[in-house]
file upload-v8.cif (mmCIF, N, CA and C atoms)
data_upload
#
loop_
_atom_site.label_atom_id
_atom_site.label_comp_id
_atom_site.auth_asym_id
_atom_site.auth_seq_id
_atom_site.Cartn_x
_atom_site.Cartn_y
_atom_site.Cartn_z
N MET G 15 99.07 102.39 75.13
CA MET G 15 98.00 103.36 75.10
C MET G 15 96.83 102.84 74.26
N VAL G 16 97.15 102.20 73.16
CA VAL G 16 96.11 101.65 72.30
C VAL G 16 95.38 100.53 73.03
N VAL G 17 96.12 99.69 73.75
CA VAL G 17 95.51 98.58 74.49
C VAL G 17 94.56 99.13 75.56
N GLY G 18 94.99 100.17 76.28
CA GLY G 18 94.12 100.79 77.27
C GLY G 18 92.87 101.37 76.66
N PHE G 19 93.01 102.01 75.50
CA PHE G 19 91.86 102.58 74.79
C PHE G 19 90.88 101.49 74.38
N LEU G 20 91.42 100.40 73.80
CA LEU G 20 90.55 99.30 73.38
C LEU G 20 89.90 98.61 74.59
N GLY G 21 90.64 98.51 75.70
CA GLY G 21 90.05 97.96 76.91
C GLY G 21 88.90 98.80 77.42
N ASN G 22 89.05 100.12 77.37
CA ASN G 22 87.95 100.99 77.80
C ASN G 22 86.76 100.91 76.85
N LEU G 23 87.02 100.75 75.55
CA LEU G 23 85.91 100.54 74.61
C LEU G 23 85.17 99.24 74.93
N ALA G 24 85.92 98.20 75.26
CA ALA G 24 85.29 96.92 75.63
C ALA G 24 84.46 97.10 76.89
N ARG G 25 84.95 97.86 77.84
CA ARG G 25 84.21 98.08 79.07
C ARG G 25 82.92 98.85 78.80
N ILE G 26 82.99 99.84 77.92
CA ILE G 26 81.79 100.61 77.57
C ILE G 26 80.76 99.69 76.90
N ALA G 27 81.23 98.79 76.05
CA ALA G 27 80.32 97.89 75.35
C ALA G 27 79.70 96.85 76.27
N VAL G 28 80.44 96.40 77.27
CA VAL G 28 80.00 95.29 78.12
C VAL G 28 79.18 95.77 79.32
N THR G 29 79.40 96.98 79.78
CA THR G 29 78.76 97.45 81.02
C THR G 29 77.24 97.33 81.03
N PRO G 30 76.51 97.74 79.98
CA PRO G 30 75.04 97.57 80.03
C PRO G 30 74.61 96.12 80.16
N ALA G 31 75.28 95.21 79.44
CA ALA G 31 74.91 93.79 79.53
C ALA G 31 75.20 93.24 80.91
N VAL G 32 76.32 93.64 81.49
CA VAL G 32 76.66 93.16 82.82
C VAL G 32 75.67 93.71 83.85
N GLY G 33 75.24 94.96 83.66
CA GLY G 33 74.22 95.52 84.55
C GLY G 33 72.91 94.75 84.49
N ARG G 34 72.51 94.35 83.27
CA ARG G 34 71.29 93.55 83.14
C ARG G 34 71.46 92.18 83.80
N LEU G 35 72.65 91.58 83.65
CA LEU G 35 72.90 90.31 84.33
C LEU G 35 72.84 90.48 85.84
N GLY G 36 73.33 91.60 86.34
CA GLY G 36 73.24 91.88 87.78
C GLY G 36 71.81 92.00 88.24
N ASP G 37 70.95 92.61 87.41
CA ASP G 37 69.53 92.70 87.76
C ASP G 37 68.88 91.32 87.76
N ARG G 38 69.28 90.47 86.85
CA ARG G 38 68.66 89.15 86.72
C ARG G 38 69.15 88.17 87.79
N TYR G 39 70.46 88.09 88.00
CA TYR G 39 71.03 87.07 88.88
C TYR G 39 71.47 87.59 90.25
N GLY G 40 71.46 88.87 90.44
CA GLY G 40 71.86 89.45 91.71
C GLY G 40 73.23 90.08 91.63
N MET G 41 73.39 91.14 92.36
CA MET G 41 74.63 91.89 92.32
C MET G 41 75.81 91.09 92.85
N ALA G 42 75.61 90.34 93.92
CA ALA G 42 76.72 89.59 94.52
C ALA G 42 77.28 88.56 93.56
N CYS G 43 76.42 87.88 92.83
CA CYS G 43 76.87 86.86 91.89
C CYS G 43 77.72 87.48 90.78
N ILE G 44 77.24 88.55 90.19
CA ILE G 44 77.98 89.18 89.10
C ILE G 44 79.22 89.88 89.62
N TYR G 45 79.14 90.44 90.83
CA TYR G 45 80.29 91.11 91.42
C TYR G 45 81.42 90.11 91.66
N LYS G 46 81.05 88.88 92.03
CA LYS G 46 82.05 87.82 92.23
C LYS G 46 82.80 87.58 90.93
N TYR G 47 82.08 87.47 89.82
CA TYR G 47 82.73 87.24 88.54
C TYR G 47 83.52 88.47 88.08
N SER G 48 83.05 89.62 88.44
CA SER G 48 83.78 90.84 88.14
C SER G 48 85.12 90.86 88.86
N LEU G 49 85.12 90.45 90.12
CA LEU G 49 86.37 90.40 90.88
C LEU G 49 87.30 89.32 90.34
N ILE G 50 86.74 88.24 89.80
CA ILE G 50 87.57 87.22 89.17
C ILE G 50 88.28 87.80 87.95
N GLY G 51 87.58 88.63 87.19
CA GLY G 51 88.22 89.31 86.05
C GLY G 51 89.37 90.20 86.50
N ILE G 52 89.17 90.93 87.58
CA ILE G 52 90.24 91.79 88.11
C ILE G 52 91.39 90.93 88.63
N LEU G 53 91.07 89.80 89.28
CA LEU G 53 92.10 88.89 89.76
C LEU G 53 92.92 88.35 88.59
N LEU G 54 92.26 87.99 87.49
CA LEU G 54 92.99 87.50 86.33
C LEU G 54 93.88 88.58 85.73
N ASN G 55 93.44 89.83 85.78
CA ASN G 55 94.28 90.93 85.34
C ASN G 55 95.57 90.96 86.14
N PHE G 56 95.47 90.89 87.47
CA PHE G 56 96.66 90.91 88.32
C PHE G 56 97.52 89.67 88.06
N ALA G 57 96.88 88.53 87.83
CA ALA G 57 97.63 87.30 87.58
C ALA G 57 98.42 87.39 86.28
N PHE G 58 97.82 87.93 85.23
CA PHE G 58 98.54 88.07 83.96
C PHE G 58 99.73 89.02 84.12
N TYR G 59 99.55 90.11 84.85
CA TYR G 59 100.67 91.02 85.06
C TYR G 59 101.72 90.41 85.98
N ALA G 60 101.32 89.54 86.87
CA ALA G 60 102.28 88.92 87.79
C ALA G 60 103.23 87.97 87.07
N VAL G 61 102.76 87.32 86.02
CA VAL G 61 103.61 86.38 85.29
C VAL G 61 104.22 86.98 84.03
N ALA G 62 104.06 88.27 83.84
CA ALA G 62 104.62 88.93 82.66
C ALA G 62 106.13 89.11 82.82
N VAL G 63 106.84 88.72 81.79
CA VAL G 63 108.28 88.94 81.69
C VAL G 63 108.52 89.60 80.33
N PRO G 64 109.71 90.12 80.08
CA PRO G 64 109.93 90.82 78.81
C PRO G 64 109.58 90.01 77.56
N SER G 65 109.77 88.70 77.60
CA SER G 65 109.49 87.90 76.40
C SER G 65 108.00 87.74 76.10
N ASN G 66 107.14 87.85 77.11
CA ASN G 66 105.70 87.68 76.88
C ASN G 66 104.89 88.90 77.33
N ALA G 67 105.55 90.02 77.52
CA ALA G 67 104.88 91.20 78.08
C ALA G 67 103.74 91.70 77.21
N LEU G 68 103.91 91.69 75.91
CA LEU G 68 102.86 92.21 75.03
C LEU G 68 101.59 91.37 75.14
N VAL G 69 101.73 90.07 75.10
CA VAL G 69 100.56 89.18 75.19
C VAL G 69 99.90 89.32 76.56
N MET G 70 100.70 89.33 77.62
CA MET G 70 100.15 89.44 78.97
C MET G 70 99.47 90.79 79.19
N THR G 71 100.01 91.85 78.60
CA THR G 71 99.40 93.17 78.73
C THR G 71 98.04 93.20 78.04
N VAL G 72 97.96 92.61 76.86
CA VAL G 72 96.68 92.59 76.14
C VAL G 72 95.63 91.79 76.92
N PHE G 73 95.99 90.57 77.34
CA PHE G 73 95.03 89.76 78.09
C PHE G 73 94.69 90.39 79.43
N GLY G 74 95.69 90.95 80.11
CA GLY G 74 95.44 91.61 81.39
C GLY G 74 94.50 92.79 81.23
N SER G 75 94.68 93.56 80.17
CA SER G 75 93.80 94.72 79.93
C SER G 75 92.38 94.29 79.61
N ILE G 76 92.24 93.20 78.87
CA ILE G 76 90.89 92.71 78.56
C ILE G 76 90.17 92.27 79.82
N PHE G 77 90.85 91.47 80.65
CA PHE G 77 90.21 91.02 81.89
C PHE G 77 89.96 92.18 82.85
N SER G 78 90.85 93.15 82.85
CA SER G 78 90.65 94.32 83.70
C SER G 78 89.41 95.09 83.25
N ALA G 79 89.28 95.29 81.95
CA ALA G 79 88.12 96.02 81.44
C ALA G 79 86.82 95.28 81.75
N LEU G 80 86.83 93.96 81.57
CA LEU G 80 85.63 93.19 81.87
C LEU G 80 85.31 93.20 83.36
N GLY G 81 86.34 93.11 84.18
CA GLY G 81 86.13 93.13 85.63
C GLY G 81 85.61 94.47 86.12
N TRP G 82 86.23 95.55 85.65
CA TRP G 82 85.81 96.87 86.12
C TRP G 82 84.49 97.32 85.51
N SER G 83 84.00 96.61 84.47
CA SER G 83 82.72 97.00 83.87
C SER G 83 81.58 96.91 84.87
N PHE G 84 81.68 96.03 85.84
CA PHE G 84 80.64 95.93 86.87
C PHE G 84 81.09 96.54 88.19
N ALA G 85 82.35 96.35 88.55
CA ALA G 85 82.82 96.84 89.86
C ALA G 85 82.77 98.35 89.94
N GLU G 86 82.97 99.02 88.82
CA GLU G 86 83.00 100.47 88.86
C GLU G 86 81.60 101.07 88.93
N ILE G 87 80.58 100.26 88.71
CA ILE G 87 79.22 100.75 88.83
C ILE G 87 78.97 101.23 90.25
N GLY G 88 79.50 100.53 91.22
CA GLY G 88 79.35 100.94 92.61
C GLY G 88 79.11 99.75 93.52
N LEU G 89 79.44 99.94 94.76
CA LEU G 89 79.25 98.91 95.76
C LEU G 89 78.56 99.55 96.96
N PHE G 90 77.45 98.98 97.39
CA PHE G 90 76.66 99.52 98.51
C PHE G 90 76.23 100.96 98.25
N GLY G 91 75.97 101.27 96.98
CA GLY G 91 75.50 102.62 96.64
C GLY G 91 76.59 103.66 96.57
N ILE G 92 77.85 103.24 96.66
CA ILE G 92 78.97 104.17 96.61
C ILE G 92 79.66 104.01 95.27
N GLN G 93 79.84 105.10 94.55
CA GLN G 93 80.55 105.05 93.27
C GLN G 93 82.02 104.74 93.52
N LEU G 94 82.51 103.70 92.87
CA LEU G 94 83.89 103.28 93.06
C LEU G 94 84.70 103.53 91.80
N TYR G 95 85.95 103.79 91.99
CA TYR G 95 86.88 103.93 90.87
C TYR G 95 87.99 102.91 91.06
N ALA G 96 88.60 102.49 89.97
CA ALA G 96 89.60 101.43 90.01
C ALA G 96 90.73 101.76 90.98
N GLN G 97 91.17 103.00 91.00
CA GLN G 97 92.28 103.38 91.86
C GLN G 97 91.90 103.23 93.33
N GLN G 98 90.67 103.55 93.68
CA GLN G 98 90.24 103.43 95.07
C GLN G 98 90.25 101.98 95.53
N VAL G 99 89.73 101.11 94.70
CA VAL G 99 89.63 99.70 95.09
C VAL G 99 91.02 99.08 95.18
N THR G 100 91.87 99.30 94.18
CA THR G 100 93.19 98.69 94.23
C THR G 100 94.03 99.27 95.37
N ASN G 101 93.91 100.56 95.63
CA ASN G 101 94.65 101.13 96.76
C ASN G 101 94.14 100.58 98.09
N ALA G 102 92.83 100.40 98.20
CA ALA G 102 92.28 99.83 99.44
C ALA G 102 92.76 98.39 99.62
N LEU G 103 92.80 97.62 98.54
CA LEU G 103 93.32 96.25 98.62
C LEU G 103 94.79 96.25 99.01
N GLU G 104 95.55 97.17 98.45
CA GLU G 104 96.97 97.25 98.81
C GLU G 104 97.15 97.58 100.28
N VAL G 105 96.32 98.49 100.80
CA VAL G 105 96.39 98.83 102.22
C VAL G 105 96.09 97.60 103.07
N CYS G 106 95.07 96.84 102.69
CA CYS G 106 94.71 95.63 103.46
C CYS G 106 95.83 94.60 103.41
N PHE G 107 96.36 94.33 102.22
CA PHE G 107 97.41 93.33 102.10
C PHE G 107 98.67 93.75 102.83
N LEU G 108 99.07 95.01 102.70
CA LEU G 108 100.28 95.47 103.38
C LEU G 108 100.10 95.49 104.89
N THR G 109 98.91 95.85 105.36
CA THR G 109 98.65 95.80 106.79
C THR G 109 98.76 94.37 107.31
N GLY G 110 98.18 93.43 106.56
CA GLY G 110 98.29 92.03 106.94
C GLY G 110 99.73 91.54 106.93
N LEU G 111 100.51 91.96 105.94
CA LEU G 111 101.91 91.58 105.88
C LEU G 111 102.70 92.15 107.06
N ILE G 112 102.46 93.40 107.39
CA ILE G 112 103.16 94.03 108.52
C ILE G 112 102.81 93.32 109.82
N LEU G 113 101.53 93.01 110.02
CA LEU G 113 101.12 92.30 111.23
C LEU G 113 101.71 90.90 111.28
N TYR G 114 101.79 90.22 110.15
CA TYR G 114 102.39 88.89 110.11
C TYR G 114 103.87 88.96 110.48
N LEU G 115 104.57 89.95 109.91
CA LEU G 115 105.98 90.10 110.25
C LEU G 115 106.17 90.41 111.73
N LYS G 116 105.32 91.28 112.25
CA LYS G 116 105.46 91.70 113.64
C LYS G 116 105.18 90.56 114.61
N PHE G 117 104.08 89.85 114.41
CA PHE G 117 103.63 88.89 115.42
C PHE G 117 104.04 87.45 115.14
N ARG G 118 104.47 87.13 113.93
CA ARG G 118 104.88 85.75 113.65
C ARG G 118 106.39 85.64 113.42
N VAL G 119 106.89 86.40 112.46
CA VAL G 119 108.29 86.26 112.09
C VAL G 119 109.20 86.81 113.19
N GLN G 120 108.93 88.02 113.67
CA GLN G 120 109.78 88.59 114.71
C GLN G 120 109.71 87.78 116.00
N LYS G 121 108.54 87.24 116.31
CA LYS G 121 108.42 86.40 117.50
C LYS G 121 109.28 85.15 117.37
N ARG G 122 109.26 84.55 116.18
CA ARG G 122 110.08 83.36 115.93
C ARG G 122 111.57 83.72 116.01
N GLU G 123 111.94 84.86 115.46
CA GLU G 123 113.34 85.28 115.52
C GLU G 123 113.79 85.53 116.96
N ARG G 124 112.91 86.13 117.76
CA ARG G 124 113.26 86.39 119.16
C ARG G 124 113.44 85.08 119.92
N SER G 125 112.58 84.11 119.66
CA SER G 125 112.71 82.83 120.37
C SER G 125 113.99 82.10 119.94
N ILE G 126 114.34 82.18 118.66
CA ILE G 126 115.59 81.57 118.20
C ILE G 126 116.78 82.29 118.82
N ARG G 127 116.74 83.61 118.84
CA ARG G 127 117.82 84.39 119.43
C ARG G 127 117.97 84.09 120.92
N ASN G 128 116.86 83.96 121.62
CA ASN G 128 116.91 83.65 123.06
C ASN G 128 117.46 82.26 123.30
N SER G 129 117.10 81.30 122.48
CA SER G 129 117.63 79.95 122.66
C SER G 129 119.12 79.90 122.35
N MET G 130 119.56 80.71 121.39
CA MET G 130 120.99 80.75 121.07
C MET G 130 121.77 81.45 122.19
N GLN G 131 121.17 82.43 122.83
CA GLN G 131 121.84 83.12 123.93
C GLN G 131 122.04 82.19 125.12
N LEU G 132 121.13 81.26 125.29
CA LEU G 132 121.29 80.30 126.38
C LEU G 132 122.46 79.36 126.13
N THR G 133 122.71 79.03 124.86
CA THR G 133 123.82 78.12 124.56
C THR G 133 125.13 78.86 124.36
N GLN G 134 125.07 80.12 123.92
CA GLN G 134 126.29 80.90 123.71
C GLN G 134 126.25 82.13 124.62
N PRO G 135 127.08 82.17 125.63
CA PRO G 135 127.00 83.26 126.60
C PRO G 135 127.41 84.63 126.05
N THR G 136 128.23 84.69 125.01
CA THR G 136 128.68 85.99 124.50
C THR G 136 128.14 86.19 123.10
N SER G 137 127.00 86.76 122.98
CA SER G 137 126.44 87.10 121.67
C SER G 137 125.91 88.52 121.72
N GLY G 138 126.10 89.25 120.63
CA GLY G 138 125.63 90.64 120.57
C GLY G 138 124.17 90.72 120.24
N GLU G 139 123.53 91.74 120.74
CA GLU G 139 122.09 91.97 120.47
C GLU G 139 121.95 92.90 119.29
N CYS G 140 121.19 92.50 118.33
CA CYS G 140 120.95 93.33 117.16
C CYS G 140 119.82 94.30 117.47
N PRO G 141 119.95 95.56 117.11
CA PRO G 141 118.91 96.54 117.45
C PRO G 141 117.61 96.28 116.74
#
call {"tool": "encode", "arguments": {"input": "upload-v8.cif", "output": "structure tokens"}}
result
Amino acid sequence: MVVGFLGNLARIAVTPAVGRLGDRYGMACIYKYSLIGILLNFAFYAVAVPSNALVMTVFGSIFSALGWSFAEIGLFGIQLYAQQVTNALEVCFLTGLILYLKFRVQKRERSIRNSMQLTQPTSGECP
């Protein structure tokens, strides 16, 4: 809870400076670096294990706060919140995973099953 509070304080402190950088260098440039901060947050949490969880949580929260300091300002004039963006990303990734399983993995399994049926006349079909 303390780490989240300090991360939000960092975001409050950094947001005006990041907004000025966006005015100077362009929104797309700063938004790219903002997304890198969010990516680093996910990366730190992805490699967190019980022995290093405290350190990874602190660094992940810092990068998250820095990343969301610009991303939460809005995109295309729409006010964004962290939950909306991460949920939308999850929907995209899971949709891609489902489509990959459907059209690549299951197709490969069907072709292997069909080739095995040609060599073995008595094999059961899995539903």
call {"tool": "select_by_dssp", "arguments": {"input": "upload-v8.cif", "residues": "chain G", "states": "alpha helix (DSSP H)", "output": "PyMOL selection string"}}
result
chain G and resi 16-39+41-60+67-85+96-114+120-133
call {"tool": "resolve_selection", "arguments": {"input": "upload-v8.cif", "expression": "the PyMOL selection byres ((chain G and resi 81) around 6)", "output": "list of chain:residue names"}}
result
G:Tyr47, G:Ser48, G:Leu49, G:Gly51, G:Ile52, G:Ile76, G:Phe77, G:Ser78, G:Ala79, G:Leu80, G:Trp82, G:Ser83, G:Phe84, G:Ala85, G:Glu86
call {"tool": "atom_distance", "arguments": {"input": "upload-v8.cif", "atom1": "atom C of Thr71 in chain G", "atom2": "CA of Pro30 in chain G"}}
result
23.5 Å
call {"tool": "axis_aligned_box", "arguments": {"input": "upload-v8.cif", "around": "range 37-42 of chain G", "padding_each_side": "6 Å", "output": "lines of an AutoDock Vina configuration file"}}
result
center_x = 73.0
center_y = 89.9
center_z = 90.6
size_x = 20.6
size_y = 17.6
size_z = 19.8
